[in-house]
$ cat start12.txt   # compact mmCIF, C-alpha atoms
# COMPACT_ATOMS: atom_id res chain seq x y z
CA MET A 1 -124.42 -149.72 104.97
CA ILE A 2 -122.38 -150.88 101.95
CA HIS A 3 -123.93 -148.00 100.06
CA SER A 4 -122.60 -145.57 102.72
CA TYR A 5 -119.08 -146.98 102.54
CA ALA A 6 -119.16 -146.87 98.74
CA LEU A 7 -119.99 -143.17 98.99
CA VAL A 8 -117.12 -142.70 101.46
CA GLY A 9 -114.74 -144.35 98.97
CA LEU A 10 -116.07 -142.15 96.17
CA CYS A 11 -115.58 -139.01 98.29
CA LEU A 12 -112.00 -140.05 99.11
CA LEU A 13 -111.33 -140.60 95.41
CA VAL A 14 -112.78 -137.23 94.43
CA ALA A 15 -110.79 -135.48 97.18
CA ALA A 16 -107.56 -137.22 96.08
CA VAL A 17 -108.14 -136.27 92.46
CA SER A 18 -108.91 -132.67 93.44
CA GLY A 19 -105.60 -132.53 95.28
CA ALA A 20 -103.53 -134.16 92.56
CA ALA A 21 -105.11 -132.29 89.65
CA PRO A 22 -103.44 -128.88 90.30
CA VAL A 23 -100.02 -130.52 90.69
CA LEU A 24 -100.40 -132.50 87.48
CA LEU A 25 -101.74 -129.46 85.64
CA ALA A 26 -98.74 -127.45 86.82
CA ARG A 27 -96.41 -130.13 85.48
CA VAL A 28 -98.07 -130.00 82.09
CA LEU A 29 -98.17 -126.22 81.86
CA ARG A 30 -94.78 -125.29 83.30
CA SER A 31 -91.53 -125.00 81.41
CA ASN A 32 -89.20 -128.04 81.50
CA ARG A 33 -86.05 -125.94 81.47
CA SER A 34 -84.61 -126.02 84.98
CA HIS A 35 -81.92 -123.62 85.96
CA ALA A 36 -79.02 -125.30 87.75
CA ARG A 37 -79.52 -123.13 90.82
CA GLU A 38 -83.19 -124.10 91.06
CA LEU A 39 -82.21 -127.67 91.65
CA GLN A 40 -80.37 -126.75 94.83
CA ASP A 41 -81.87 -126.56 98.27
CA GLN A 42 -81.81 -122.81 98.95
CA GLU A 43 -81.00 -123.10 102.62
CA ARG A 44 -78.34 -125.72 102.55
CA ARG A 45 -77.02 -125.42 98.97
CA THR A 46 -77.15 -129.17 98.54
CA PRO A 47 -78.57 -130.94 95.50
CA VAL A 48 -82.27 -131.65 95.94
CA PHE A 49 -82.43 -134.85 93.93
CA ALA A 50 -79.69 -136.59 95.80
CA ARG A 51 -79.40 -139.98 97.30
CA SER A 52 -80.30 -139.67 100.91
CA GLY A 53 -77.46 -141.50 102.57
CA ILE A 54 -78.77 -140.38 105.91
CA GLU A 55 -78.24 -142.64 108.83
CA PHE A 56 -81.65 -143.20 110.36
CA LYS A 57 -81.27 -143.55 114.07
CA SER A 58 -83.15 -146.27 115.87
CA GLN A 59 -85.03 -143.66 117.90
CA TYR A 60 -87.13 -142.85 114.83
CA TYR A 61 -88.40 -146.41 114.79
CA ARG A 62 -88.77 -146.56 118.56
CA PHE A 63 -91.22 -143.66 118.54
CA ALA A 64 -93.13 -145.27 115.70
CA VAL A 65 -93.28 -148.62 117.49
CA ALA A 66 -94.37 -146.97 120.74
CA PHE A 67 -97.07 -145.09 118.85
CA ALA A 68 -98.25 -148.28 117.12
CA ILE A 69 -98.45 -150.19 120.40
CA PHE A 70 -100.26 -147.54 122.42
CA THR A 71 -102.62 -146.53 119.64
CA GLY A 72 -103.48 -150.17 119.08
CA GLY A 73 -104.15 -150.55 122.79
CA MET A 74 -106.30 -147.44 122.92
CA THR A 75 -108.30 -148.56 119.91
CA PHE A 76 -109.48 -151.52 121.99
CA LEU A 77 -110.98 -148.99 124.38
CA PHE A 78 -113.42 -147.58 121.84
CA PRO A 79 -115.97 -150.42 122.19
CA TRP A 80 -115.55 -150.15 125.95
CA ALA A 81 -116.17 -146.40 125.80
CA LEU A 82 -119.27 -146.95 123.66
CA ALA A 83 -120.75 -149.30 126.23
CA TYR A 84 -119.52 -147.22 129.19
CA ILE A 85 -122.91 -145.79 130.10
CA ASP A 86 -124.40 -149.25 130.67
CA LEU A 87 -121.34 -150.84 132.26
CA PRO A 88 -121.22 -151.69 135.97
CA PHE A 89 -118.49 -150.19 138.13
CA GLN A 90 -116.50 -153.45 138.02
CA ALA A 91 -116.21 -153.22 134.24
CA VAL A 92 -114.97 -149.64 134.54
CA ALA A 93 -112.35 -150.84 137.03
CA GLY A 94 -111.35 -153.54 134.53
CA GLY A 95 -110.88 -150.92 131.83
CA ALA A 96 -108.84 -148.85 134.27
CA LEU A 97 -106.65 -151.88 134.91
CA PHE A 98 -106.13 -152.32 131.15
CA VAL A 99 -105.05 -148.70 130.84
CA ALA A 100 -102.80 -149.10 133.89
CA CYS A 101 -101.01 -151.90 132.01
CA LEU A 102 -100.53 -149.56 129.04
CA GLY A 103 -99.31 -146.89 131.44
CA ALA A 104 -96.81 -149.32 132.92
CA GLY A 105 -95.50 -149.99 129.43
CA LEU A 106 -95.17 -146.25 128.79
CA PHE A 107 -93.34 -145.83 132.11
CA TYR A 108 -90.99 -148.70 131.17
CA VAL A 109 -90.04 -147.24 127.79
CA SER A 110 -89.61 -143.84 129.42
CA CYS A 111 -87.22 -145.28 132.02
CA LYS A 112 -85.28 -147.09 129.31
CA GLY A 113 -84.68 -143.71 127.67
CA TRP A 114 -86.52 -144.59 124.48
CA LEU A 115 -88.54 -141.39 124.60
CA GLU A 116 -85.54 -139.06 124.39
CA TRP A 117 -84.81 -137.39 121.08
CA LYS A 118 -81.06 -136.99 120.70
CA MET B 1 -72.44 -133.62 88.74
CA GLU B 2 -73.87 -137.08 88.77
CA VAL B 3 -76.55 -137.71 91.35
CA GLU B 4 -78.33 -140.87 92.23
CA VAL B 5 -82.07 -140.79 92.32
CA GLY B 6 -84.74 -143.39 92.91
CA PRO B 7 -86.70 -145.26 90.27
CA ARG B 8 -88.02 -142.87 87.66
CA VAL B 9 -91.67 -143.72 88.12
CA VAL B 10 -91.49 -143.39 91.91
CA ARG B 11 -89.67 -140.06 91.60
CA ALA B 12 -92.51 -138.86 89.40
CA VAL B 13 -95.40 -140.26 91.42
CA ALA B 14 -94.33 -139.65 95.03
CA PRO B 15 -94.75 -135.84 95.18
CA VAL B 16 -98.10 -135.95 93.39
CA ALA B 17 -99.31 -138.79 95.60
CA ALA B 18 -98.21 -136.86 98.69
CA VAL B 19 -100.33 -133.85 97.77
CA ALA B 20 -103.25 -136.06 96.71
CA VAL B 21 -103.30 -137.97 100.00
CA ALA B 22 -102.84 -134.81 102.09
CA VAL B 23 -105.76 -133.03 100.43
CA ALA B 24 -107.88 -136.20 100.39
CA VAL B 25 -107.43 -136.70 104.12
CA ALA B 26 -108.24 -133.07 104.89
CA LEU B 27 -111.31 -132.91 102.64
CA ALA B 28 -112.67 -136.37 103.46
CA VAL B 29 -113.37 -135.33 107.06
CA TRP B 30 -115.94 -132.83 105.82
CA VAL B 31 -118.13 -135.62 104.47
CA PHE B 32 -119.43 -136.37 107.97
CA ILE B 33 -119.46 -132.92 109.51
CA PRO B 34 -123.05 -132.35 110.69
CA LEU B 35 -124.15 -128.82 109.84
CA GLY B 36 -127.49 -128.84 111.58
CA PRO B 37 -129.99 -130.80 113.63
CA GLY B 38 -131.59 -132.50 110.64
CA ASP B 39 -129.89 -134.19 107.70
CA LEU B 40 -127.58 -131.28 106.90
CA ARG B 41 -124.50 -133.36 106.07
CA LEU B 42 -123.23 -135.32 103.11
CA LEU B 43 -123.22 -138.74 104.72
CA ASP B 44 -124.32 -140.27 107.96
CA LEU B 45 -122.30 -142.99 109.66
CA GLU B 46 -122.71 -144.35 113.17
CA THR B 47 -118.92 -144.52 113.56
CA SER B 48 -118.01 -141.15 112.08
CA ALA B 49 -115.73 -140.21 115.01
CA LEU B 50 -113.71 -143.41 114.47
CA TYR B 51 -113.59 -142.63 110.77
CA VAL B 52 -112.07 -139.23 111.60
CA VAL B 53 -109.48 -140.96 113.81
CA ALA B 54 -108.65 -143.37 111.00
CA LEU B 55 -108.22 -140.50 108.55
CA GLY B 56 -105.91 -138.78 110.98
CA ALA B 57 -103.77 -141.92 111.05
CA LEU B 58 -103.10 -141.36 107.34
CA ALA B 59 -101.50 -137.98 108.02
CA PRO B 60 -97.88 -139.20 108.27
CA PHE B 61 -97.96 -140.80 104.82
CA PRO B 62 -98.00 -137.65 102.68
CA LEU B 63 -95.15 -136.26 104.78
CA MET B 64 -93.00 -139.33 104.15
CA MET B 65 -93.92 -139.44 100.47
CA ALA B 66 -93.06 -135.79 99.99
CA GLY B 67 -89.70 -136.08 101.73
CA TRP B 68 -88.68 -139.47 100.38
CA ASN B 69 -85.28 -139.66 98.70
CA ARG B 70 -84.77 -135.92 98.73
CA GLY B 71 -81.64 -135.64 100.82
CA SER B 72 -82.03 -133.51 103.90
CA THR B 73 -85.76 -133.11 103.34
CA GLU B 74 -86.15 -136.75 104.28
CA VAL B 75 -84.88 -135.96 107.77
CA ASP B 76 -87.38 -133.13 108.07
CA ALA B 77 -90.16 -135.48 106.99
CA VAL B 78 -89.19 -138.04 109.62
CA HIS B 79 -89.11 -135.31 112.26
CA ALA B 80 -92.55 -134.11 111.19
CA VAL B 81 -93.93 -137.66 111.37
CA ALA B 82 -92.50 -138.09 114.87
CA GLU B 83 -94.21 -134.87 115.96
CA ILE B 84 -97.53 -135.73 114.38
CA ILE B 85 -97.75 -139.15 115.98
CA GLY B 86 -97.00 -137.60 119.35
CA CYS B 87 -99.90 -135.20 118.88
CA ARG B 88 -102.13 -138.07 117.73
CA MET B 89 -101.40 -139.79 121.04
CA LEU B 90 -102.67 -136.67 122.83
CA GLN B 91 -105.92 -136.50 120.92
CA LEU B 92 -106.97 -140.13 121.33
CA PRO B 93 -107.63 -140.10 125.10
CA ALA B 94 -109.47 -136.77 124.75
CA LEU B 95 -111.68 -138.32 122.06
CA LEU B 96 -112.20 -141.40 124.24
CA VAL B 97 -113.46 -139.14 127.04
CA VAL B 98 -116.00 -137.57 124.68
CA VAL B 99 -117.16 -140.97 123.37
CA MET B 100 -117.47 -142.22 126.93
CA LEU B 101 -119.64 -139.32 128.05
CA SER B 102 -121.85 -139.26 124.95
CA GLY B 103 -122.13 -143.03 124.44
CA THR B 104 -121.85 -142.81 120.67
CA LEU B 105 -119.25 -142.61 117.92
CA SER B 106 -121.52 -140.57 115.67
CA LEU B 107 -120.58 -136.89 115.44
CA GLN B 108 -124.26 -135.98 115.27
CA GLY B 109 -124.90 -138.07 118.38
CA ILE B 110 -122.02 -136.38 120.22
CA ILE B 111 -123.56 -132.98 119.49
CA ARG B 112 -127.02 -134.12 120.59
CA ALA B 113 -125.57 -135.48 123.86
CA GLN B 114 -124.09 -132.10 124.82
CA SER B 115 -126.86 -130.53 126.83
CA VAL B 116 -123.90 -129.20 128.79
CA PRO B 117 -120.97 -128.53 126.40
CA TYR B 118 -118.10 -130.85 127.14
CA ILE B 119 -115.68 -127.93 127.40
CA LEU B 120 -117.43 -127.14 130.69
CA SER B 121 -117.46 -130.76 131.88
CA VAL B 122 -113.97 -131.83 130.81
CA PRO B 123 -111.99 -128.62 130.11
CA LEU B 124 -108.64 -130.39 130.53
CA ALA B 125 -109.48 -132.86 127.75
CA ALA B 126 -110.48 -129.93 125.53
CA LEU B 127 -107.23 -128.16 126.34
CA LEU B 128 -105.16 -131.25 125.46
CA PHE B 129 -107.07 -131.69 122.19
CA PHE B 130 -106.48 -128.02 121.37
CA LEU B 131 -102.78 -128.22 122.28
CA ALA B 132 -102.38 -131.15 119.90
CA GLY B 133 -103.94 -129.00 117.19
CA THR B 134 -101.48 -126.15 117.75
CA SER B 135 -98.60 -128.49 117.05
CA PRO B 136 -95.94 -127.08 114.71
CA VAL B 137 -96.68 -129.91 112.30
CA THR B 138 -100.02 -128.36 111.42
CA ARG B 139 -97.91 -125.68 109.76
CA TRP B 140 -97.74 -127.44 106.41
CA PRO B 141 -95.46 -125.98 103.72
CA SER B 142 -98.52 -125.17 101.62
CA ALA B 143 -100.65 -122.33 103.00
CA PHE B 144 -103.79 -123.93 101.57
CA LEU B 145 -103.13 -127.26 103.32
CA GLU B 146 -102.22 -125.52 106.56
CA THR B 147 -105.40 -123.47 106.60
CA LEU B 148 -107.53 -126.44 105.61
CA ASN B 149 -106.06 -128.70 108.28
CA SER B 150 -106.22 -126.04 110.99
CA PHE B 151 -109.80 -125.05 110.19
CA THR B 152 -110.87 -128.70 110.04
CA MET B 153 -109.34 -129.21 113.48
CA CYS B 154 -111.26 -126.19 114.76
CA VAL B 155 -114.54 -127.52 113.35
CA LEU B 156 -113.90 -130.91 114.97
CA PHE B 157 -113.12 -129.22 118.28
CA SER B 158 -116.37 -127.27 118.01
CA ILE B 159 -118.28 -130.51 117.44
CA LEU B 160 -116.58 -132.46 120.20
CA PHE B 161 -116.42 -129.83 122.93
CA LEU B 162 -118.46 -126.75 122.04
CA GLY B 163 -121.76 -128.34 121.07
CA GLY B 164 -121.34 -128.10 117.30
CA TRP B 165 -124.42 -126.61 115.66
CA ARG B 166 -126.18 -125.97 118.98
CA GLY B 167 -127.25 -122.40 119.56
CA PRO B 168 -130.30 -120.13 119.97
CA TRP B 169 -133.23 -119.92 117.48
CA LEU B 170 -132.49 -123.35 115.99
CA MET B 171 -136.11 -124.48 116.21
CA GLN B 172 -137.23 -121.46 114.21
CA VAL B 173 -134.38 -121.50 111.66
CA PRO B 174 -132.64 -124.92 111.47
CA LEU B 175 -130.12 -123.59 108.91
CA LEU B 176 -128.68 -121.40 111.69
CA GLY B 177 -126.96 -124.56 112.94
CA ALA B 178 -124.33 -124.27 110.21
CA ALA B 179 -123.81 -120.60 111.13
CA TRP B 180 -123.29 -121.43 114.80
CA LEU B 181 -120.85 -124.21 113.96
CA PHE B 182 -118.76 -122.03 111.65
CA LEU B 183 -118.86 -119.09 114.06
CA LYS B 184 -117.46 -121.26 116.85
CA ALA B 185 -114.86 -122.71 114.49
CA LEU B 186 -113.81 -119.27 113.25
CA LEU B 187 -113.38 -117.89 116.78
CA LEU B 188 -111.33 -120.94 117.64
CA PHE B 189 -109.30 -120.55 114.44
CA GLY B 190 -108.44 -117.00 115.49
CA LEU B 191 -107.40 -118.23 118.92
CA LEU B 192 -105.32 -120.99 117.32
CA ARG B 193 -103.50 -118.46 115.15
CA LEU B 194 -102.87 -116.20 118.16
CA VAL B 195 -101.41 -119.11 120.13
CA GLN B 196 -99.25 -120.25 117.21
CA ALA B 197 -97.97 -116.73 116.56
CA GLY B 198 -97.51 -115.75 120.19
CA THR B 199 -95.76 -118.81 121.58
CA PRO B 200 -92.22 -119.90 120.74
CA ARG B 201 -91.93 -122.88 118.47
CA LEU B 202 -90.56 -125.88 120.31
CA ARG B 203 -87.69 -127.89 118.86
CA ILE B 204 -88.32 -131.53 118.23
CA ASP B 205 -86.08 -132.57 121.13
CA GLN B 206 -88.20 -130.37 123.42
CA LEU B 207 -91.60 -131.24 121.92
CA LEU B 208 -91.33 -135.02 121.90
CA PRO B 209 -90.28 -135.54 125.55
CA LEU B 210 -92.90 -132.98 126.61
CA THR B 211 -95.59 -134.83 124.65
CA TRP B 212 -94.67 -138.40 125.51
CA LYS B 213 -93.47 -137.97 129.09
CA SER B 214 -95.85 -135.28 130.36
CA LEU B 215 -98.91 -134.70 128.20
CA VAL B 216 -99.71 -138.27 127.15
CA PRO B 217 -99.60 -139.61 130.75
CA LEU B 218 -101.69 -136.58 131.79
CA SER B 219 -104.30 -137.34 129.14
CA VAL B 220 -104.44 -141.02 130.14
CA LEU B 221 -104.72 -140.04 133.82
CA LEU B 222 -107.51 -137.63 132.92
CA TRP B 223 -109.37 -140.33 131.02
CA LEU B 224 -109.04 -142.65 134.02
CA ALA B 225 -110.25 -140.00 136.46
CA VAL B 226 -113.24 -139.07 134.30
CA ALA B 227 -114.22 -142.75 133.88
CA LEU B 228 -114.07 -143.46 137.61
CA VAL B 229 -115.67 -140.20 138.78
CA GLU B 230 -118.55 -140.33 136.29
CA LYS B 231 -119.36 -143.94 137.06
CA GLY B 232 -118.95 -143.27 140.79
CA LEU B 233 -121.42 -140.38 140.63
CA VAL B 234 -123.95 -142.49 138.72
CA THR B 235 -123.53 -145.36 141.19
CA LEU B 236 -124.15 -142.92 144.07
CA GLY B 237 -127.44 -141.93 142.46
CA VAL B 238 -126.50 -138.53 141.00
CA THR B 239 -128.74 -138.45 137.93
CA SER B 240 -128.71 -134.72 137.16
CA ILE B 241 -126.43 -133.96 134.18
CA TYR B 242 -125.58 -130.58 135.73
CA TRP B 243 -124.34 -132.05 139.01
CA ARG B 244 -122.35 -134.71 137.14
CA SER B 245 -120.84 -132.03 134.91
CA ALA B 246 -119.93 -130.02 138.01
CA GLY B 247 -118.27 -133.11 139.50
CA LEU B 248 -116.28 -133.74 136.33
CA PHE B 249 -115.28 -130.07 136.11
CA THR B 250 -114.02 -130.19 139.70
CA THR B 251 -112.05 -133.35 138.90
CA ASN B 252 -110.46 -131.66 135.89
CA VAL B 253 -109.56 -128.57 137.91
CA VAL B 254 -108.04 -130.67 140.71
CA ILE B 255 -105.96 -132.70 138.24
CA GLY B 256 -104.85 -129.56 136.42
CA LEU B 257 -103.84 -127.79 139.64
CA GLY B 258 -102.09 -130.91 140.88
CA ILE B 259 -100.06 -131.26 137.69
CA ALA B 260 -99.20 -127.53 137.80
CA ALA B 261 -98.02 -127.87 141.41
CA VAL B 262 -95.89 -130.91 140.56
CA LEU B 263 -94.34 -129.18 137.55
CA THR B 264 -93.63 -126.06 139.63
CA ARG B 265 -91.86 -128.15 142.27
CA ILE B 266 -89.83 -129.95 139.61
CA GLU B 267 -88.85 -126.62 138.04
CA ARG B 268 -87.90 -125.17 141.43
CA ALA B 269 -85.82 -128.25 142.23
CA GLY B 270 -84.05 -127.81 138.90
CA GLU B 271 -83.35 -124.13 139.65
CA LEU B 272 -82.07 -124.94 143.14
CA SER B 273 -79.71 -127.62 141.87
CA HIS B 274 -78.51 -125.26 139.12
CA THR B 275 -77.91 -122.52 141.73
CA ALA B 276 -76.07 -124.97 143.97
CA ARG B 277 -73.86 -126.06 141.07
CA VAL B 278 -73.10 -122.46 140.12
CA GLN B 279 -72.30 -121.45 143.74
CA GLY B 280 -70.24 -124.56 144.28
CA GLY B 281 -68.22 -123.76 141.18
CA ARG B 282 -67.26 -120.38 142.54
$ encode --input "start12.txt" --output "structure tokens"
Amino acid sequence: MIHSYALVGLCLLVAAVSGAAPVLLARVLRSNRSHARELQDQERRTPVFARSGIEFKSQYYRFAVAFAIFTGGMTFLFPWALAYIDLPFQAVAGGALFVACLGAGLFYVSCKGWLEWK
Amino acid sequence: MEVEVGPRVVRAVAPVAAVAVAVAVALAVWVFIPLGPGDLRLLDLETSALYVVALGALAPFPLMMAGWNRGSTEVDAVHAVAEIIGCRMLQLPALLVVVMLSGTLSLQGIIRAQSVPYILSVPLAALLFFLAGTSPVTRWPSAFLETLNSFTMCVLFSILFLGGWRGPWLMQVPLLGAAWLFLKALLLFGLLRLVQAGTPRLRIDQLLPLTWKSLVPLSVLLWLAVALVEKGLVTLGVTSIYWRSAGLFTTNVVIGLGIAAVLTRIERAGELSHTARVQGGR
């Protein structure tokens, strides 16, 4: 099993290198002279390498937190789903109750208006 | 003009790391794609479906790395991350349904369990998985990444819902399994492109409420219904896979029609109130 995971890690490394290699090669081969206009964002005419003094609204984090909570909850269902075929009906009802609790949480955040993008 | 930028080394590494992670995530999925009934794959893992889910969870990172400290692009990156995590929430219950019905996390095992393709048993789950794949976020700025991600999604859909490498004449020519898998994925890729080109692109303030308030609860409800109906049928003594698939298909159709009826009523109520406001204003 460790051998399998070592191969997975090796494949990830090879894939990452194969993605980064063209970008690095382009940096080596391209000219370093940048025209002033190239450094502007073509659509907005703002400098590209600028400090991003953008105010990040709390809704960005709220979506991320909601995603983290519900994905974490759903991940607990994978072992349940694996054993589903052999589970009695009561265990299925227990899993349904767990999901109902997650659903109640989703309903709560929806009512609070956290799932609106303004 | 003097501009402030981040630390020099981060400014140099972040774009390269973004591309590296994006390509790594897209290519790493192919390690476990089963191409045929035998050992036609690079690696075998009993939890390959969970591995695919975990790789998908890495998708927001290259977006944030690419947009970091680049002015307005950072806002676009945050928007893209918000969209992608919404779509991830759609795919998880659909994947849970497949794992539940097949009883395994192995992609090869999921294919072997599909004596009836899951698109016929749980078409609503397949539709939700497909909808998540048509998300605007799959339109990466690089054409190569976009094509790679979209095609990988199509191959995964073929494995999870269309029976993967299953097809005629496999016993005689096992290598045909790869052909069947890629044929299904290519047809789906064409359909994906048609849907992306033919439907209007939703704004983020339209997409996120639609995903989180409508589609995610629908997918959870679907998962619940499939779990209860399947176990109920088994408890009642229905052992035939075909009758159980018919029962699940009926459940999916009923849920789909019910949701459509509810949405139609909500839309009509919105039109009526709009008409009343307009007439009252006259």
$ interface_residues --input "start12.txt" --of "chain B" --to "chain A" --cutoff "8 Å" --atoms "all atoms listed in the file" --output "MDAnalysis selection string"
chainID B and resid 3:6 16:17 19:25 27:28 31 43:45 69:72 74:75 78 82 85:86 89 92:93 96:97 99:101 103:105 204:205 208:209 212:213 217 220 224 227:228 231:232 235
$ closest_residue --input "start12.txt" --among "B:Phe189, B:Phe32, B:Trp180, B:Trp169" --to "Gly109 of chain B" --atoms "only C-alpha atoms"
B:Phe32
$ atom_distance --input "start12.txt" --atom1 "atom CA of Leu162 of chain B" --atom2 "atom CA of Ser219 of chain B"
19.1 Å
$ atom_distance --input "start12.txt" --atom1 "atom CA of Gly167 of chain B" --atom2 "atom CA of Phe182 of chain B"
11.6 Å
$ atom_distance --input "start12.txt" --atom1 "atom CA of Ile84 of chain B" --atom2 "atom CA of Leu218 of chain B"
17.9 Å
